[in-house]
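Structure data follow from run12.cif (mmCIF, C-alpha atoms):
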data_protein
loop_
_atom_site.label_atom_id
_atom_site.label_comp_id
_atom_site.auth_asym_id
_atom_site.auth_seq_id
_atom_site.Cartn_x
_atom_site.Cartn_y
_atom_site.Cartn_z
CA MET A 1 -24.25 172.99 146.56
CA LYS A 2 -24.21 176.30 144.73
CA THR A 3 -23.60 174.53 141.40
CA ARG A 4 -26.48 172.14 141.99
CA LEU A 5 -28.86 175.00 142.82
CA THR A 6 -27.83 176.87 139.67
CA LEU A 7 -28.35 173.83 137.47
CA THR A 8 -31.72 173.18 139.10
CA ALA A 9 -32.81 176.76 138.45
CA ILE A 10 -31.75 176.49 134.80
CA PHE A 11 -33.66 173.22 134.42
CA ILE A 12 -36.82 174.75 135.89
CA ALA A 13 -36.56 177.80 133.61
CA SER A 14 -36.00 175.60 130.56
CA PHE A 15 -38.97 173.41 131.45
CA ALA A 16 -41.20 176.46 131.86
CA LEU A 17 -40.11 177.79 128.47
CA SER A 18 -40.74 174.51 126.70
CA GLY A 19 -44.16 174.21 128.25
CA CYS A 20 -45.31 177.69 127.31
CA THR A 21 -47.61 177.95 124.33
CA SER A 22 -48.97 180.91 122.43
CA THR A 23 -51.46 181.29 119.64
CA PRO A 24 -49.68 181.76 116.28
CA GLY A 25 -50.12 185.08 114.54
CA ASP A 26 -51.89 183.40 111.60
CA THR A 27 -54.53 181.87 113.85
CA ALA A 28 -54.89 184.47 116.60
CA GLN A 29 -58.51 185.44 117.09
CA THR A 30 -59.95 188.94 117.13
CA ASP A 31 -63.52 189.69 118.16
CA THR A 32 -65.16 190.59 114.86
CA ALA A 33 -68.78 190.45 116.01
CA ASN A 34 -68.88 194.18 115.41
CA PRO A 35 -65.99 195.01 113.06
CA ALA A 36 -66.56 198.75 113.10
CA ASN A 37 -66.39 198.97 116.89
CA ALA A 38 -63.43 196.58 117.14
CA THR A 39 -61.55 198.62 114.55
CA GLN A 40 -62.28 201.93 116.24
CA ASP A 41 -61.32 200.65 119.70
CA ILE A 42 -57.91 199.50 118.53
CA LEU A 43 -57.21 202.44 116.24
CA ASP A 44 -57.87 204.80 119.16
CA ALA A 45 -54.80 203.37 120.92
CA SER A 46 -52.11 206.04 121.02
CA ALA A 47 -49.39 203.39 121.34
CA CYS A 48 -49.39 202.55 117.60
CA ILE A 49 -46.34 203.77 115.69
CA GLY A 50 -45.27 203.87 112.05
CA SER A 51 -47.16 204.60 108.83
CA THR A 52 -50.06 202.84 107.13
CA GLU A 53 -49.30 204.55 103.81
CA PRO A 54 -47.98 202.27 101.03
CA PRO A 55 -44.24 202.12 100.31
CA ALA A 56 -43.28 204.83 97.80
CA ALA A 57 -42.78 202.28 95.00
CA TRP A 58 -46.31 200.95 95.56
CA ALA A 59 -48.22 204.23 95.91
CA SER A 60 -49.31 204.46 92.25
CA LYS A 61 -50.27 200.75 92.13
CA LEU A 62 -52.85 200.72 94.93
CA ASN A 63 -56.26 202.20 95.61
CA LEU A 64 -57.41 202.94 99.16
CA VAL A 65 -60.68 201.06 99.76
CA ASP A 66 -63.24 200.64 102.54
CA ASP A 67 -63.46 197.11 103.98
CA PRO A 68 -64.19 197.21 107.73
CA GLN A 69 -64.40 193.42 108.01
CA LEU A 70 -60.96 192.81 106.49
CA LEU A 71 -59.43 195.59 108.59
CA ALA A 72 -60.96 194.27 111.81
CA SER A 73 -59.64 190.78 111.08
CA SER A 74 -56.10 192.16 110.82
CA LEU A 75 -56.09 194.06 114.10
CA GLY A 76 -55.13 192.68 117.49
CA GLN A 77 -55.38 193.72 121.11
CA PRO A 78 -52.17 194.73 122.92
CA THR A 79 -49.79 191.79 123.61
CA LYS A 80 -51.80 189.55 121.23
CA GLY A 81 -49.94 190.24 117.99
CA LYS A 82 -51.50 191.03 114.60
CA LEU A 83 -51.62 194.75 113.65
CA CYS A 84 -51.91 197.80 115.86
CA GLN A 85 -53.28 199.94 113.03
CA GLY A 86 -53.86 199.58 109.30
CA LYS A 87 -55.56 200.64 106.07
CA VAL A 88 -57.09 198.50 103.33
CA TYR A 89 -55.85 198.78 99.76
CA GLU A 90 -56.61 197.08 96.44
CA VAL A 91 -54.06 196.34 93.72
CA LYS A 92 -54.96 198.28 90.57
CA GLU A 93 -55.73 196.52 87.30
CA GLY A 94 -52.62 195.91 85.24
CA GLU A 95 -50.37 196.01 88.30
CA ALA A 96 -48.65 193.31 90.36
CA LEU A 97 -46.77 193.64 93.64
CA THR A 98 -43.94 191.43 94.86
CA VAL A 99 -44.50 190.20 98.42
CA PHE A 100 -42.43 188.02 100.78
CA ARG A 101 -43.24 185.60 103.58
CA ALA A 102 -40.91 183.82 106.01
CA TRP A 103 -42.59 180.65 107.27
CA ASN A 104 -42.34 177.27 109.00
CA SER A 105 -41.29 174.22 106.96
CA THR A 106 -42.69 171.82 109.58
CA ASN A 107 -46.15 173.16 108.75
CA PRO A 108 -46.49 173.24 104.93
CA ASN A 109 -49.93 174.84 105.28
CA SER A 110 -48.25 177.95 106.66
CA GLN A 111 -46.61 178.81 103.34
CA PHE A 112 -49.60 180.87 102.27
CA GLY A 113 -50.52 182.29 105.65
CA ALA A 114 -51.95 185.75 106.24
CA TRP A 115 -48.81 187.71 107.13
CA TRP A 116 -46.45 189.05 104.44
CA ALA A 117 -43.92 191.83 103.89
CA ALA A 118 -43.10 194.24 101.08
CA ASN A 119 -39.39 193.55 101.44
CA GLN A 120 -37.29 190.40 101.49
CA PRO A 121 -36.26 189.37 105.02
CA ASN A 122 -32.65 190.26 105.76
CA GLY A 123 -30.34 191.10 108.63
CA LYS A 124 -30.36 189.43 112.03
CA VAL A 125 -33.15 186.93 112.67
CA ALA A 126 -33.72 188.26 116.20
CA GLN A 127 -34.25 191.77 114.85
CA TYR A 128 -36.63 190.48 112.18
CA ARG A 129 -38.65 188.66 114.84
CA ALA A 130 -38.87 191.82 116.94
CA GLY A 131 -39.81 194.03 113.98
CA TYR A 132 -42.57 191.69 112.81
CA GLU A 133 -43.58 190.32 116.25
CA ILE A 134 -42.92 186.68 115.33
CA CYS A 135 -42.67 184.62 118.52
CA TYR A 136 -40.26 181.69 118.55
CA GLN A 137 -43.17 179.30 119.18
CA TRP A 138 -44.90 180.37 115.97
CA SER A 139 -42.18 179.69 113.44
CA PRO A 140 -38.47 178.86 113.07
CA LEU A 141 -38.48 181.07 109.94
CA ASP A 142 -36.61 178.46 107.94
CA LYS A 143 -38.42 178.98 104.62
CA MET A 144 -39.20 182.03 102.51
CA THR A 145 -41.68 182.42 99.68
CA ARG A 146 -41.65 185.24 97.13
CA CYS A 147 -44.85 185.84 95.13
CA GLU A 148 -46.62 188.39 92.97
CA LEU A 149 -49.87 189.80 94.32
CA LYS A 150 -52.48 189.79 91.55
CA PRO A 151 -54.50 192.80 90.34
CA GLY A 152 -57.73 193.20 92.31
CA SER A 153 -56.23 191.69 95.46
CA LYS A 154 -57.08 193.39 98.75
CA LEU A 155 -54.52 193.76 101.50
CA VAL A 156 -54.11 195.59 104.78
CA ILE A 157 -50.95 197.63 105.26
CA GLY A 158 -50.21 198.31 108.89
CA ASN A 159 -47.81 198.24 111.81
CA GLY A 160 -47.31 195.47 114.33
CA GLN A 161 -49.21 195.21 117.60
CA SER A 162 -47.26 194.14 120.69
CA ALA A 163 -46.95 190.38 121.26
CA GLN A 164 -46.28 188.49 124.48
CA CYS A 165 -44.40 185.30 123.58
CA SER A 166 -43.72 184.12 127.14
CA GLU A 167 -43.24 185.37 130.67
CA TRP A 168 -39.72 186.42 129.64
CA LEU A 169 -40.31 187.85 126.16
CA THR A 170 -42.72 190.52 124.96
CA TYR A 171 -42.23 192.40 121.70
CA PRO A 172 -43.42 196.04 121.79
CA VAL A 173 -45.42 197.71 119.03
CA SER A 174 -43.40 198.12 115.85
CA ALA A 175 -43.11 200.67 113.07
CA GLU A 176 -42.25 197.93 110.56
CA GLN A 177 -44.96 197.58 107.92
CA GLN A 178 -46.72 194.25 107.63
CA LEU A 179 -49.19 193.04 105.02
CA TYR A 180 -52.32 191.11 105.93
CA LEU A 181 -54.01 188.94 103.28
CA GLU A 182 -56.95 186.53 103.40
CA ASP A 183 -57.28 183.42 101.18
CA THR A 184 -53.74 184.23 100.16
CA GLU A 185 -53.19 181.31 97.81
CA THR A 186 -55.93 182.65 95.51
CA LEU A 187 -54.34 186.12 95.42
CA VAL A 188 -50.77 185.25 94.44
CA SER A 189 -48.91 183.82 91.45
CA ASN A 190 -45.37 183.20 90.19
CA CYS A 191 -44.23 182.01 93.61
CA GLN A 192 -40.70 180.86 94.40
CA THR A 193 -39.59 179.19 97.62
CA TYR A 194 -36.19 179.43 99.32
CA ASP A 195 -34.45 177.63 102.19
CA ALA A 196 -32.78 179.36 105.14
CA VAL A 197 -29.06 178.64 105.59
CA PHE A 198 -26.67 179.34 108.45
CA GLY A 199 -24.82 182.64 108.36
CA TRP A 200 -22.77 183.98 111.24
CA GLU A 201 -21.19 187.37 111.90
#
Would you mind writing the file out in structure tokens?
Amino acid sequence: MKTRLTLTAIFIASFALSGCTSTPGDTAQTDTANPANATQDILDASACIGSTEPPAAWASKLNLVDDPQLLASSLGQPTKGKLCQGKVYEVKEGEALTVFRAWNSTNPNSQFGAWWAANQPNGKVAQYRAGYEICYQWSPLDKMTRCELKPGSKLVIGNGQSAQCSEWLTYPVSAEQQLYLEDTETLVSNCQTYDAVFGWE
């Protein structure tokens, strides 16, 4: 009887997990009716950690610019993903930045989504998910694209907001820097795509 109860409990938990849905980070909605207020409300949160300054190698290639609408679009409320805080930058003329995106091969349209990184994904997948708040429902992370961000492109550099993936899994705010882009396909060039492969330690 004990074995049957245990198996039943596992079945119920598995069913609940499979039935749980969450809005993907690329399509999560933020109230942008008043971008300035939305931005200020979220930036006032003391829970944000990490730096919104560019990586050292990028510092001379970017200009800090004012774009409240773009910033507001990148920010999310606690447990909803997106960014906790950020600043908007523009790539200087004559410069190009290499950016990386891990994405979902079952949704080809996600290749040029909004969320990118300054560094190539590496290490344990679970740690990468936690650092970038990528819920398992949003992507299997089985593809990676490497591109160059064109001069004149605007991007938000910020740190991840917390994300609730299910009743059993919530990622806290993160110090890992993320990049937010809009109309990404028009901003990038010289892209290369890679496949994920199994690797065990």
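Evaluated against this file, the PyMOL selection byres ((chain A and resi 58) around 10) yields Glu53, Pro54, Pro55, Ala56, Ala57, Ala59, Ser60, Lys61, Leu62, Val91, Glu95, Ala96, Leu97, Thr98 and Ala118 of chain A.
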Polymer residues at most 6 Å from (-48.7, 197.9, 107.9) by all atoms listed in the file, as JSON, numbers by chain: {"A": [52, 86, 157, 158, 159, 177, 178, 179]}
Write the residues of the selection above to a file with C-alpha atoms, as a PDB file, in the coordinates of the input.
ATOM      1  CA  THR A  52     -50.060 202.840 107.130  1.00  0.00           C
ATOM      2  CA  GLY A  86     -53.860 199.580 109.300  1.00  0.00           C
ATOM      3  CA  ILE A 157     -50.950 197.630 105.260  1.00  0.00           C
ATOM      4  CA  GLY A 158     -50.210 198.310 108.890  1.00  0.00           C
ATOM      5  CA  ASN A 159     -47.810 198.240 111.810  1.00  0.00           C
ATOM      6  CA  GLN A 177     -44.960 197.580 107.920  1.00  0.00           C
ATOM      7  CA  GLN A 178     -46.720 194.250 107.630  1.00  0.00           C
ATOM      8  CA  LEU A 179     -49.190 193.040 105.020  1.00  0.00           C
TER       9      LEU A 179
END
CA of Asp67 (chain A) to CA of Thr79 (chain A), straight-line distance in Å: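 Separating CA of Thr79 (chain A) from CA of Asp67 (chain A) is a distance of 24.5 Å.
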Could you spell out the hits of the PyMOL selection byres ((chain A and resi 135) around 9) on the shown file, as an mmCIF file with C-alpha atoms, in the frame of the given file?
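Just written: expr.cif:
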data_model
loop_
_atom_site.group_PDB
_atom_site.id
_atom_site.type_symbol
_atom_site.label_atom_id
_atom_site.label_comp_id
_atom_site.auth_asym_id
_atom_site.auth_seq_id
_atom_site.Cartn_x
_atom_site.Cartn_y
_atom_site.Cartn_z
ATOM 1 C CA SER A 22 -48.970 180.910 122.430
ATOM 2 C CA PRO A 24 -49.680 181.760 116.280
ATOM 3 C CA GLY A 25 -50.120 185.080 114.540
ATOM 4 C CA ARG A 129 -38.650 188.660 114.840
ATOM 5 C CA ALA A 130 -38.870 191.820 116.940
ATOM 6 C CA GLU A 133 -43.580 190.320 116.250
ATOM 7 C CA ILE A 134 -42.920 186.680 115.330
ATOM 8 C CA TYR A 136 -40.260 181.690 118.550
ATOM 9 C CA GLN A 137 -43.170 179.300 119.180
ATOM 10 C CA TRP A 138 -44.900 180.370 115.970
ATOM 11 C CA SER A 139 -42.180 179.690 113.440
ATOM 12 C CA PRO A 140 -38.470 178.860 113.070
ATOM 13 C CA ALA A 163 -46.950 190.380 121.260
ATOM 14 C CA GLN A 164 -46.280 188.490 124.480
ATOM 15 C CA CYS A 165 -44.400 185.300 123.580
ATOM 16 C CA SER A 166 -43.720 184.120 127.140
ATOM 17 C CA LEU A 169 -40.310 187.850 126.160
ATOM 18 C CA THR A 170 -42.720 190.520 124.960
ATOM 19 C CA TYR A 171 -42.230 192.400 121.700
#
For Lys143 (chain A), the nearest of the candidates A:Pro108, A:Pro172, A:Gly123, A:Pro68, counting all atoms listed in the file: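 Once distances to Lys143 (chain A) are computed over all atoms listed in the file, the minimum belongs to A:Pro108.
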